[in-house]
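Trainee: final-v2.tsv is the file, holding TSV, C-alpha atoms:
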chain	number	residue	atom	x	y	z
A	1	MET	CA	26.51	-9.82	-9.88
A	2	SER	CA	23.28	-11.26	-8.45
A	3	ILE	CA	21.99	-9.60	-5.33
A	4	ASP	CA	21.71	-12.99	-3.67
A	5	SER	CA	25.11	-14.16	-4.81
A	6	VAL	CA	27.44	-15.69	-2.24
A	7	GLN	CA	30.81	-14.10	-1.49
A	8	ARG	CA	33.53	-16.24	0.08
A	9	THR	CA	36.06	-14.72	2.47
A	10	GLY	CA	38.15	-17.23	4.43
A	11	THR	CA	35.72	-19.43	6.31
A	12	ALA	CA	32.82	-16.98	6.31
A	13	GLN	CA	29.92	-16.81	3.89
A	14	SER	CA	28.22	-13.48	3.05
A	15	ARG	CA	24.80	-13.24	1.49
A	16	LEU	CA	23.73	-9.94	-0.03
A	17	THR	CA	20.39	-8.68	1.31
A	18	VAL	CA	18.17	-5.60	1.42
A	19	PRO	CA	19.75	-2.71	3.42
A	20	TRP	CA	16.84	-2.13	5.79
A	21	SER	CA	19.02	0.14	7.95
A	22	THR	CA	19.00	2.55	5.00
A	23	VAL	CA	15.46	1.94	3.70
A	24	LEU	CA	13.61	2.42	6.99
A	25	PRO	CA	15.10	5.77	8.13
A	26	LEU	CA	14.62	7.34	4.70
A	27	ALA	CA	11.05	6.05	4.42
A	28	VAL	CA	10.07	7.17	7.93
A	29	VAL	CA	11.39	10.74	7.67
A	30	MET	CA	9.74	11.29	4.28
A	31	ALA	CA	6.46	9.71	5.40
A	32	TYR	CA	6.09	12.02	8.39
A	33	ALA	CA	7.37	15.10	6.57
A	34	ASP	CA	5.10	14.60	3.55
A	35	GLY	CA	2.26	13.70	5.91
A	36	PHE	CA	2.68	17.12	7.52
A	37	TRP	CA	2.27	18.85	4.15
A	38	MET	CA	-0.75	16.68	3.40
A	39	ILE	CA	-2.42	17.81	6.62
A	40	THR	CA	-1.47	21.41	5.85
A	41	LEU	CA	-3.07	21.18	2.41
A	42	ARG	CA	-6.19	19.65	3.93
A	43	GLY	CA	-6.45	22.49	6.42
A	44	ALA	CA	-6.09	25.09	3.65
A	45	VAL	CA	-8.47	23.81	0.97
A	46	GLY	CA	-9.89	20.52	2.26
A	47	ALA	CA	-13.31	19.60	3.55
A	48	MET	CA	-14.23	21.28	6.83
A	49	ASN	CA	-15.22	18.03	8.54
A	50	ARG	CA	-11.73	16.59	7.96
A	51	THR	CA	-9.81	19.34	9.76
A	52	GLN	CA	-10.54	18.19	13.31
A	53	GLN	CA	-7.57	17.13	15.48
A	54	PRO	CA	-4.84	17.69	12.86
A	55	PHE	CA	-2.03	16.29	15.03
A	56	ALA	CA	-3.78	12.95	15.53
A	57	SER	CA	-4.61	12.80	11.82
A	58	TRP	CA	-0.98	13.55	10.94
A	59	TRP	CA	0.62	10.77	12.94
A	60	ARG	CA	-2.05	8.21	12.05
A	61	GLN	CA	-1.92	8.69	8.30
A	62	SER	CA	1.87	9.14	8.25
A	63	THR	CA	2.34	5.87	10.11
A	64	LEU	CA	-0.15	4.07	7.87
A	65	PHE	CA	1.59	5.23	4.70
A	66	ILE	CA	5.14	4.30	5.74
A	67	PRO	CA	4.96	1.15	3.54
A	68	VAL	CA	4.25	3.36	0.50
A	69	PHE	CA	7.48	5.29	1.12
A	70	MET	CA	9.36	2.07	1.86
A	71	LEU	CA	8.33	0.85	-1.58
A	72	ALA	CA	9.53	4.12	-3.13
A	73	VAL	CA	12.89	4.06	-1.34
A	74	LEU	CA	13.55	0.40	-2.07
A	75	GLY	CA	12.62	0.92	-5.71
A	76	ALA	CA	15.11	3.81	-5.94
A	77	LEU	CA	17.88	1.74	-4.32
A	78	THR	CA	17.15	-1.19	-6.66
A	79	LEU	CA	17.46	1.13	-9.65
A	80	ALA	CA	20.71	2.56	-8.23
A	81	LEU	CA	22.03	-0.99	-7.80
A	82	ARG	CA	21.42	-1.69	-11.48
A	83	LEU	CA	22.90	1.64	-12.61
A	84	PHE	CA	25.89	2.02	-10.31
A	85	GLY	CA	26.61	-1.45	-8.93
A	86	PRO	CA	26.57	-2.82	-5.36
A	87	THR	CA	29.22	-0.44	-3.97
A	88	LEU	CA	28.93	3.34	-4.19
A	89	ARG	CA	32.47	4.64	-3.72
A	90	LYS	CA	32.31	7.92	-5.61
A	91	ARG	CA	30.47	10.97	-4.30
A	92	GLY	CA	28.74	11.46	-7.63
A	93	LYS	CA	27.11	8.03	-7.41
A	94	VAL	CA	26.09	8.62	-3.80
A	95	ALA	CA	24.54	11.96	-4.76
A	96	ALA	CA	22.75	10.43	-7.75
A	97	THR	CA	21.34	7.65	-5.56
A	98	ALA	CA	20.14	10.18	-2.99
A	99	LEU	CA	18.42	12.15	-5.75
A	100	LEU	CA	16.71	8.97	-6.96
A	101	VAL	CA	15.40	8.42	-3.42
A	102	VAL	CA	14.18	12.03	-3.25
A	103	ALA	CA	12.43	11.70	-6.61
A	104	ALA	CA	10.77	8.40	-5.70
A	105	GLY	CA	9.63	9.65	-2.29
A	106	THR	CA	8.27	12.88	-3.78
A	107	VAL	CA	6.31	10.98	-6.43
A	108	ALA	CA	4.81	8.79	-3.68
A	109	GLY	CA	3.92	11.86	-1.63
A	110	ILE	CA	2.33	13.63	-4.58
A	111	GLY	CA	0.29	10.55	-5.37
A	112	LEU	CA	-1.03	10.50	-1.80
A	113	ILE	CA	-1.94	14.21	-1.75
A	114	VAL	CA	-3.71	13.83	-5.10
A	115	ALA	CA	-5.79	10.96	-3.72
A	116	ASN	CA	-6.43	12.97	-0.55
A	117	SER	CA	-7.56	15.99	-2.60
A	118	ILE	CA	-9.87	13.84	-4.72
A	119	TYR	CA	-11.57	12.61	-1.57
A	120	ASP	CA	-11.81	16.16	-0.19
A	121	TYR	CA	-13.31	17.42	-3.44
A	122	HIS	CA	-15.80	14.53	-3.38
A	123	LEU	CA	-17.00	15.60	0.07
A	124	GLN	CA	-17.05	19.31	-0.77
A	125	SER	CA	-18.97	18.74	-3.98
A	126	ALA	CA	-21.58	16.72	-2.09
A	127	GLU	CA	-21.92	19.53	0.46
A	128	LEU	CA	-22.36	22.12	-2.29
A	129	GLN	CA	-25.04	20.00	-3.94
A	130	MET	CA	-26.86	19.64	-0.62
A	131	MET	CA	-26.76	23.40	-0.05
A	132	ASP	CA	-27.98	24.02	-3.59
A	133	SER	CA	-30.89	21.63	-3.09
A	134	MET	CA	-31.90	23.68	-0.05
A	135	HIS	CA	-31.85	26.85	-2.20
A	136	SER	CA	-29.52	28.53	0.25
A	137	LEU	CA	-26.55	28.91	-2.07
A	138	CYS	CA	-27.76	30.61	-5.25
A	139	VAL	CA	-29.48	29.65	-8.49
A	140	ARG	CA	-28.71	28.06	-11.87
A	141	SER	CA	-25.00	28.14	-12.76
A	142	CYS	CA	-23.79	29.07	-9.29
A	143	LEU	CA	-23.28	25.43	-8.22
A	144	ALA	CA	-21.07	24.73	-11.23
A	145	LEU	CA	-19.03	27.87	-10.54
A	146	GLN	CA	-18.55	26.91	-6.90
A	147	GLN	CA	-17.44	23.41	-7.84
A	148	GLN	CA	-15.04	24.78	-10.44
A	149	ALA	CA	-13.55	27.20	-7.94
A	150	THR	CA	-13.09	24.39	-5.43
A	151	LEU	CA	-11.38	22.24	-8.06
A	152	VAL	CA	-9.02	25.08	-9.03
A	153	ALA	CA	-8.14	25.61	-5.37
A	154	HIS	CA	-7.21	21.93	-5.02
A	155	ILE	CA	-5.07	22.00	-8.17
A	156	ARG	CA	-3.18	25.06	-6.99
A	157	GLY	CA	-2.77	23.57	-3.55
A	158	ILE	CA	-1.35	20.36	-5.02
A	159	SER	CA	1.13	22.29	-7.16
A	160	TYR	CA	2.37	24.40	-4.24
A	161	THR	CA	2.52	21.46	-1.85
A	162	SER	CA	4.41	19.33	-4.39
A	163	GLY	CA	7.18	21.91	-4.53
A	164	LEU	CA	7.36	22.05	-0.75
A	165	MET	CA	7.49	18.26	-0.57
A	166	LEU	CA	10.36	18.15	-3.05
A	167	ALA	CA	12.37	20.72	-1.11
A	168	THR	CA	11.64	19.03	2.23
A	169	ASN	CA	12.55	15.57	0.96
A	170	LEU	CA	15.76	16.92	-0.55
A	171	VAL	CA	16.83	18.39	2.80
A	172	LEU	CA	15.78	15.37	4.86
A	173	VAL	CA	17.38	12.77	2.60
A	174	GLY	CA	20.59	14.81	2.58
A	175	TRP	CA	20.45	14.95	6.38
A	176	VAL	CA	19.92	11.18	6.71
A	177	VAL	CA	22.76	10.48	4.29
A	178	ALA	CA	25.02	12.77	6.31
A	179	MET	CA	24.00	10.94	9.53
A	180	LEU	CA	24.93	7.66	7.80
A	181	GLY	CA	28.44	8.95	7.24
A	182	GLY	CA	27.93	10.31	3.76
A	183	ARG	CA	27.27	6.84	2.36
A	184	VAL	CA	24.20	5.14	0.93
A	185	LYS	CA	24.00	1.37	1.09
A	186	VAL	CA	22.14	-0.22	-1.82
A	187	ILE	CA	22.82	-3.73	-0.50
A	188	GLY	CA	23.28	-5.31	2.89
A	189	ALA	CA	25.30	-8.37	3.84
A	190	ARG	CA	24.56	-11.21	6.21
A	191	THR	CA	27.67	-13.11	7.23
A	192	ARG	CA	27.56	-16.67	8.48
A	193	GLY	CA	30.54	-18.29	10.11
A	194	GLY	CA	31.68	-21.81	9.43
A	195	ALA	CA	32.96	-23.73	6.45
A	196	VAL	CA	32.57	-22.31	2.99
A	197	ASP	CA	29.41	-23.66	1.41
A	198	ALA	CA	28.44	-24.09	-2.21
A	199	PRO	CA	26.81	-21.11	-3.92
A	200	GLN	CA	23.14	-20.60	-3.29
A	201	LEU	CA	20.88	-22.99	-5.12
A	202	PRO	CA	18.20	-21.68	-7.43
A	203	GLY	CA	14.81	-20.98	-5.89
A	204	SER	CA	11.61	-22.89	-6.46
A	205	ARG	CA	8.19	-21.69	-7.56
A	206	MET	CA	6.88	-22.56	-4.10
A	207	GLN	CA	9.52	-20.39	-2.39
A	208	GLU	CA	8.65	-17.46	-4.64
A	209	LEU	CA	4.84	-17.64	-4.53
A	210	ARG	CA	4.17	-18.75	-0.95
A	211	PRO	CA	5.07	-15.31	0.57
A	212	LEU	CA	2.94	-13.52	-2.03
A	213	LEU	CA	0.01	-15.87	-1.39
A	214	VAL	CA	0.24	-15.31	2.36
A	215	ALA	CA	0.66	-11.53	1.96
A	216	GLY	CA	-2.36	-11.31	-0.34
A	217	LEU	CA	-4.57	-13.24	2.07
A	218	LEU	CA	-3.44	-11.25	5.10
A	219	GLY	CA	-3.85	-7.95	3.26
A	220	ALA	CA	-7.41	-8.82	2.27
A	221	ALA	CA	-8.10	-9.98	5.84
A	222	VAL	CA	-6.95	-6.64	7.26
A	223	ILE	CA	-9.26	-4.70	4.91
A	224	HIS	CA	-12.19	-7.02	5.66
A	225	ALA	CA	-11.60	-6.60	9.40
A	226	ALA	CA	-11.47	-2.81	8.98
A	227	VAL	CA	-14.98	-2.69	7.48
A	228	VAL	CA	-16.57	-4.92	10.13
A	229	PRO	CA	-17.79	-2.04	12.38
A	230	GLU	CA	-19.44	-0.29	9.43
A	231	HIS	CA	-21.25	-3.44	8.29
A	232	LEU	CA	-22.29	-4.35	11.83
A	233	SER	CA	-24.01	-0.99	12.18
A	234	GLU	CA	-25.74	-1.33	8.81
A	235	TRP	CA	-26.57	-5.04	8.84
A	236	PRO	CA	-25.32	-7.36	11.63
A	237	ALA	CA	-25.32	-10.42	9.36
A	238	GLY	CA	-23.00	-8.61	6.94
A	239	GLY	CA	-20.63	-7.69	9.76
A	240	VAL	CA	-20.53	-11.31	10.97
A	241	PHE	CA	-19.79	-12.46	7.41
A	242	PHE	CA	-16.77	-10.17	7.15
A	243	MET	CA	-15.56	-11.28	10.59
A	244	LEU	CA	-15.69	-14.93	9.55
A	245	LEU	CA	-14.09	-14.16	6.18
A	246	ALA	CA	-11.19	-12.29	7.79
A	247	ALA	CA	-10.73	-15.08	10.33
A	248	GLY	CA	-10.72	-17.72	7.58
A	249	GLU	CA	-8.07	-15.83	5.60
A	250	VAL	CA	-5.88	-15.48	8.69
A	251	VAL	CA	-6.21	-19.17	9.55
A	252	VAL	CA	-5.30	-20.29	6.02
A	253	SER	CA	-2.34	-17.89	6.02
A	254	GLY	CA	-1.14	-19.33	9.33
A	255	ILE	CA	-1.29	-22.87	7.96
A	256	LEU	CA	0.62	-21.80	4.85
A	257	LEU	CA	3.34	-20.26	7.02
A	258	SER	CA	3.59	-23.10	9.54
A	259	ARG	CA	3.98	-25.99	7.09
A	260	ALA	CA	7.09	-26.55	5.04
A	261	ARG	CA	5.15	-28.60	2.50
A	262	LEU	CA	2.12	-27.21	0.72
A	263	TYR	CA	-0.68	-29.78	0.56
A	264	ARG	CA	-3.41	-29.57	-2.05
A	265	ALA	CA	-6.09	-29.18	0.62
A	266	VAL	CA	-4.43	-26.04	1.99
A	267	LEU	CA	-4.02	-24.54	-1.47
A	268	ILE	CA	-7.65	-25.35	-2.33
A	269	ALA	CA	-8.72	-23.63	0.89
A	270	ALA	CA	-6.62	-20.59	-0.05
A	271	ALA	CA	-8.24	-20.51	-3.50
A	272	ALA	CA	-11.72	-20.88	-1.97
A	273	VAL	CA	-11.37	-17.98	0.49
A	274	SER	CA	-10.09	-15.87	-2.42
A	275	ILE	CA	-12.54	-16.68	-5.21
A	276	GLY	CA	-15.64	-16.68	-2.99
A	277	PRO	CA	-15.46	-12.99	-2.01
A	278	VAL	CA	-14.54	-12.00	-5.58
A	279	VAL	CA	-17.62	-13.71	-7.03
A	280	LEU	CA	-19.83	-12.23	-4.30
A	281	TRP	CA	-18.38	-8.76	-4.92
A	282	LEU	CA	-19.00	-8.96	-8.67
A	283	TYR	CA	-22.60	-10.08	-8.12
A	284	SER	CA	-23.31	-7.39	-5.52
A	285	ARG	CA	-21.90	-4.62	-7.74
A	286	THR	CA	-23.80	-5.67	-10.86
A	287	ALA	CA	-27.12	-7.33	-10.03
A	288	GLY	CA	-27.30	-6.61	-6.31
A	289	LEU	CA	-27.62	-9.14	-3.52
A	290	PRO	CA	-31.04	-10.88	-3.29
A	291	PHE	CA	-31.10	-10.30	0.47
A	292	GLY	CA	-30.11	-7.67	3.00
A	293	PRO	CA	-31.08	-4.00	3.43
A	294	GLY	CA	-30.25	-3.14	-0.20
A	295	LYS	CA	-32.01	-6.15	-1.69
A	296	GLY	CA	-31.78	-6.20	-5.48
A	297	LEU	CA	-29.89	-2.89	-5.70
A	298	PRO	CA	-26.30	-2.81	-7.06
A	299	GLU	CA	-23.91	-1.54	-4.42
A	300	THR	CA	-21.43	1.28	-5.03
A	301	ILE	CA	-17.84	0.51	-5.93
A	302	GLY	CA	-15.40	1.80	-3.34
A	303	LEU	CA	-11.65	2.14	-3.03
A	304	ALA	CA	-11.32	-0.38	-0.20
A	305	ASP	CA	-13.35	-3.15	-1.84
A	306	CYS	CA	-11.50	-2.68	-5.15
A	307	ILE	CA	-8.15	-3.12	-3.42
A	308	ALA	CA	-9.42	-6.13	-1.46
A	309	VAL	CA	-10.51	-7.72	-4.75
A	310	VAL	CA	-7.09	-7.04	-6.30
A	311	LEU	CA	-5.40	-8.76	-3.35
A	312	GLU	CA	-7.80	-11.70	-3.53
A	313	VAL	CA	-7.29	-12.13	-7.27
A	314	GLY	CA	-3.52	-12.07	-6.74
A	315	ALA	CA	-3.81	-14.70	-4.00
A	316	LEU	CA	-6.08	-16.79	-6.22
A	317	VAL	CA	-3.61	-16.70	-9.10
A	318	ALA	CA	-0.74	-17.71	-6.78
A	319	ALA	CA	-2.77	-20.60	-5.32
A	320	MET	CA	-3.79	-21.86	-8.78
A	321	VAL	CA	-0.19	-21.75	-10.04
A	322	LEU	CA	0.99	-23.71	-7.00
A	323	LEU	CA	-1.82	-26.25	-7.49
A	324	ARG	CA	-0.70	-26.83	-11.08
A	325	SER	CA	2.93	-27.25	-10.01
A	326	THR	CA	2.91	-30.84	-8.84
A	327	ARG	CA	6.68	-30.96	-8.61
A	328	CYS	CA	9.25	-28.52	-7.28
A	329	THR	CA	10.37	-26.55	-10.33
A	330	TRP	CA	13.80	-25.01	-9.90
A	331	ARG	CA	14.67	-21.73	-11.54
A	332	PRO	CA	17.31	-18.99	-11.26
A	333	PRO	CA	17.21	-17.26	-7.85
A	334	VAL	CA	15.18	-14.09	-7.44
A	335	SER	CA	17.10	-11.22	-5.88
A	336	ALA	CA	16.41	-10.12	-2.32
A	337	HIS	CA	15.44	-6.67	-3.59
A	338	THR	CA	12.87	-8.14	-5.99
A	339	ARG	CA	11.33	-10.31	-3.28
A	340	ALA	CA	11.16	-7.38	-0.89
A	341	LEU	CA	9.63	-5.11	-3.54
A	342	ARG	CA	6.84	-7.62	-4.14
A	343	LEU	CA	5.97	-7.97	-0.46
A	344	ILE	CA	6.20	-4.26	0.32
A	345	ALA	CA	4.03	-3.52	-2.71
A	346	VAL	CA	1.33	-5.76	-1.23
A	347	LEU	CA	1.78	-4.04	2.14
A	348	ALA	CA	1.53	-0.58	0.55
A	349	ILE	CA	-1.62	-1.55	-1.38
A	350	THR	CA	-3.12	-2.86	1.85
A	351	ALA	CA	-2.35	0.42	3.61
A	352	VAL	CA	-4.16	2.37	0.89
A	353	GLY	CA	-7.09	-0.05	1.17
A	354	VAL	CA	-7.32	0.47	4.92
A	355	ALA	CA	-7.26	4.25	4.37
A	356	GLY	CA	-10.18	3.86	1.97
A	357	ALA	CA	-12.08	1.61	4.38
A	358	VAL	CA	-11.79	3.82	7.48
A	359	PRO	CA	-11.03	7.42	6.43
A	360	THR	CA	-12.74	8.65	9.61
A	361	TRP	CA	-9.97	6.98	11.63
A	362	LEU	CA	-7.42	9.11	9.77
A	363	ASP	CA	-9.16	12.47	10.06
A	364	ASP	CA	-11.64	12.04	12.97
A	365	SER	CA	-14.46	13.21	10.76
A	366	GLY	CA	-17.99	11.97	10.46
A	367	ALA	CA	-17.61	11.48	6.72
A	368	GLN	CA	-18.72	8.32	5.01
A	369	THR	CA	-16.34	5.40	5.42
A	370	VAL	CA	-16.03	4.36	1.82
A	371	LEU	CA	-14.68	6.55	-0.96
A	372	THR	CA	-17.19	6.11	-3.75
A	373	VAL	CA	-15.62	6.26	-7.20
A	374	LEU	CA	-18.49	4.95	-9.26
A	375	HIS	CA	-22.24	5.05	-8.85
For this file, produce the structure as structure tokens.

Mentor:
Amino acid sequence: MSIDSVQRTGTAQSRLTVPWSTVLPLAVVMAYADGFWMITLRGAVGAMNRTQQPFASWWRQSTLFIPVFMLAVLGALTLALRLFGPTLRKRGKVAATALLVVAAGTVAGIGLIVANSIYDYHLQSAELQMMDSMHSLCVRSCLALQQQATLVAHIRGISYTSGLMLATNLVLVGWVVAMLGGRVKVIGARTRGGAVDAPQLPGSRMQELRPLLVAGLLGAAVIHAAVVPEHLSEWPAGGVFFMLLAAGEVVVSGILLSRARLYRAVLIAAAAVSIGPVVLWLYSRTAGLPFGPGKGLPETIGLADCIAVVLEVGALVAAMVLLRSTRCTWRPPVSAHTRALRLIAVLAITAVGVAGAVPTWLDDSGAQTVLTVLH
């Protein structure tokens, strides 16, 4: 049975959809619970300048990473739909689906604490190197030993915290399932009154790619807007450029959403605001810009700019495919779960990009605002 299939009952028409009433509660409780353990791990072995105002850091980062857990929960429910069907009547299937949700949420949480620990270790290693350069730590192999000890502490902390996350998610998911009456919905249903209509027609390439194109542009715009304050403080012209770029991406996205028909001019504009930043990014990270404060010097590659480039490349590919499709090409319908997974994946990637662009907003530290992964 297709997730978007149409069921006829009398004069009503039901369309199967994503069960957001199940996805959202499960994602929210795991996001805030796993966020608590992330803050706890940071306080135990993390960088000192990231331990200020733990409560504010907890709710900010937990809220930001809700889309990551939504993606995990929806992925688990989609897998359960394929394994057990649209209706979970037996307790064994309900329990198995709940365990899939726990596993997916725990994997998402572990991934976030690993990324968090990598950033902490990056800051701590830089501090150790600074202390060593001032000859206040010790001599010769002491720096390597300190870095190794710090790394071991992070690995142990991740292992302990992962077990706590698993146990916490198991209890919370069981509690949510109990609050839902001991049932887990893997599909929802939207009923429309009136005469019975024909089954849903296949979807078109435009219907499939337009939401992804808009999501990619908006995600890149959010990341570009997040780095505006940093660039304004370093180089006002750079900050203005990112402001205009973010505004252009938002405007093109609005036009794409407001018009039922996609004109070539709009798609060309979408491709232009996508390929321009990608080309500029590649040039600045290889040869270095011929102007600005770092004239002629290749810039460092950061987490936020990498994710922005990924979103822009995705938007560019979607725009080029739509430009090549001169006619409406019909194809079998894509399930509601698949469409939602695509969009939430873009939202989750954007959330991670924002975290990389403004880590000081998450932990109230004075650390650098871009996680450098390559020099």

Trainee: Which value, in Å to one decimal, gives the distance between CA of Leu323 in chain A and CA of Arg339 in chain A?

Mentor: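 So the two atoms, CA of Leu323 in chain A and CA of Arg339 in chain A, lie 21.1 Å apart.
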
Trainee: Applying 7 Å and all atoms listed in the file, which residues near range 167-179 of chain A remain after dropping the ones on its own chain fewer than 3 positions away? List them as a ChimeraX atom specification.

Mentor: /A:26,29-30,98,102,106,163-164,182-184

Trainee: Choose the residue, out of A:Ala103, A:Ile155, A:Val240, A:Leu322, that has the smallest atom-to-atom separation from Ile118 in chain A; count only C-alpha atoms.

Mentor: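 Among the listed residues, A:Ile155 lies closest to Ile118 in chain A.
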
Trainee: For a quick check of understanding, using all atoms listed in the file, which of A:Gly248, A:Gly356, A:Pro19, A:Gly216 has the smallest distance to Thr78 in chain A?

Mentor: A:Pro19

Trainee: Near Arg324 in chain A, counting all atoms listed in the file, which residues have an atom at most 10 Å away, once you skip same-chain residues fewer than 4 positions from it, shown as a VMD selection string?

Mentor: chain A and resid 264 319 to 320

Trainee: Work out how far CA of Leu297 in chain A is from CA of Arg285 in chain A, in Å to one decimal.

Mentor: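 Calculated distance between CA of Arg285 in chain A and CA of Leu297 in chain A is 8.4 Å.
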
Trainee: Report, in Å to a single decimal, how far apart CA of Val73 in chain A and CA of Ala221 in chain A are.

Mentor: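 Separation of CA of Ala221 in chain A and CA of Val73 in chain A: 26.3 Å.
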
Trainee: Write out as JSON, numbers by chain the residues lying within 12 Å of Leu81 in chain A, counting all atoms listed in the file and excluding same-chain residues fewer than 5 positions away.

Mentor: {"A": [1, 2, 3, 16, 18, 19, 74, 75, 76, 86, 87, 88, 93, 94, 96, 97, 100, 184, 185, 186, 187, 188, 335, 337, 338]}

Trainee: Using only C-alpha atoms - which residues lie no farther than 10 Å from the point (-14.9, -8.4, 9.8) in the file's frame? Write them as a short mmCIF file (atom, residue, chain, number, x, y, z; two decimals) with C-alpha atoms, in the coordinates of the input.

Mentor:
data_model
loop_
_atom_site.label_atom_id
_atom_site.label_comp_id
_atom_site.auth_asym_id
_atom_site.auth_seq_id
_atom_site.Cartn_x
_atom_site.Cartn_y
_atom_site.Cartn_z
CA ALA A 221 -8.10 -9.98 5.84
CA VAL A 222 -6.95 -6.64 7.26
CA ILE A 223 -9.26 -4.70 4.91
CA HIS A 224 -12.19 -7.02 5.66
CA ALA A 225 -11.60 -6.60 9.40
CA ALA A 226 -11.47 -2.81 8.98
CA VAL A 227 -14.98 -2.69 7.48
CA VAL A 228 -16.57 -4.92 10.13
CA PRO A 229 -17.79 -2.04 12.38
CA GLU A 230 -19.44 -0.29 9.43
CA HIS A 231 -21.25 -3.44 8.29
CA LEU A 232 -22.29 -4.35 11.83
CA GLY A 238 -23.00 -8.61 6.94
CA GLY A 239 -20.63 -7.69 9.76
CA VAL A 240 -20.53 -11.31 10.97
CA PHE A 241 -19.79 -12.46 7.41
CA PHE A 242 -16.77 -10.17 7.15
CA MET A 243 -15.56 -11.28 10.59
CA LEU A 244 -15.69 -14.93 9.55
CA LEU A 245 -14.09 -14.16 6.18
CA ALA A 246 -11.19 -12.29 7.79
CA ALA A 247 -10.73 -15.08 10.33
#

Trainee: Skip Leu311 in chain A itself and residues of its chain fewer than 4 positions away, then list as a list in words all residues within 9 Å of it, counting all atoms listed in the file.

Mentor: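 Contacts, with the query itself left out: Ala215, Gly216, Leu217, Gly219, Ala220, Ser274, Cys306, Ile307, Ala315, Leu316, Val346, Ile349 and Thr350 of chain A.
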
Trainee: Taking all atoms listed in the file into account, which of A:Ala104, A:Ala269, A:Leu166, A:Leu79 comes nearest Ala33 in chain A?

Mentor: A:Leu166

Trainee: Hey, can you pull every residue with an atom no more than 6 Å from (1.6, -18.7, -4.7), using only C-alpha atoms, and send it as a VMD selection string?

Mentor: chain A and resid 209 to 210 212 to 213 318 to 319 322

Trainee: With only C-alpha atoms as the basis for distance, which of A:Pro298, A:Gly109, A:Gly85, A:Gly254 is at the shortest distance from Thr161 in chain A?

Mentor: A:Gly109

Trainee: Taking only C-alpha atoms into account, name the residue in A:Leu341, A:Leu143, A:Ala355, A:Ala108 that is nearest to Asp305 in chain A.

Mentor: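 Counting only C-alpha atoms, the residue closest to Asp305 in chain A is A:Ala355.
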
Trainee: Between A:Ser159, A:Gly111, A:Glu208, A:Val310, which residue has the minimum interatomic distance to Ala72 in chain A, considering all atoms listed in the file?

Mentor: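 Closest to Ala72 in chain A of all the choices is A:Gly111.
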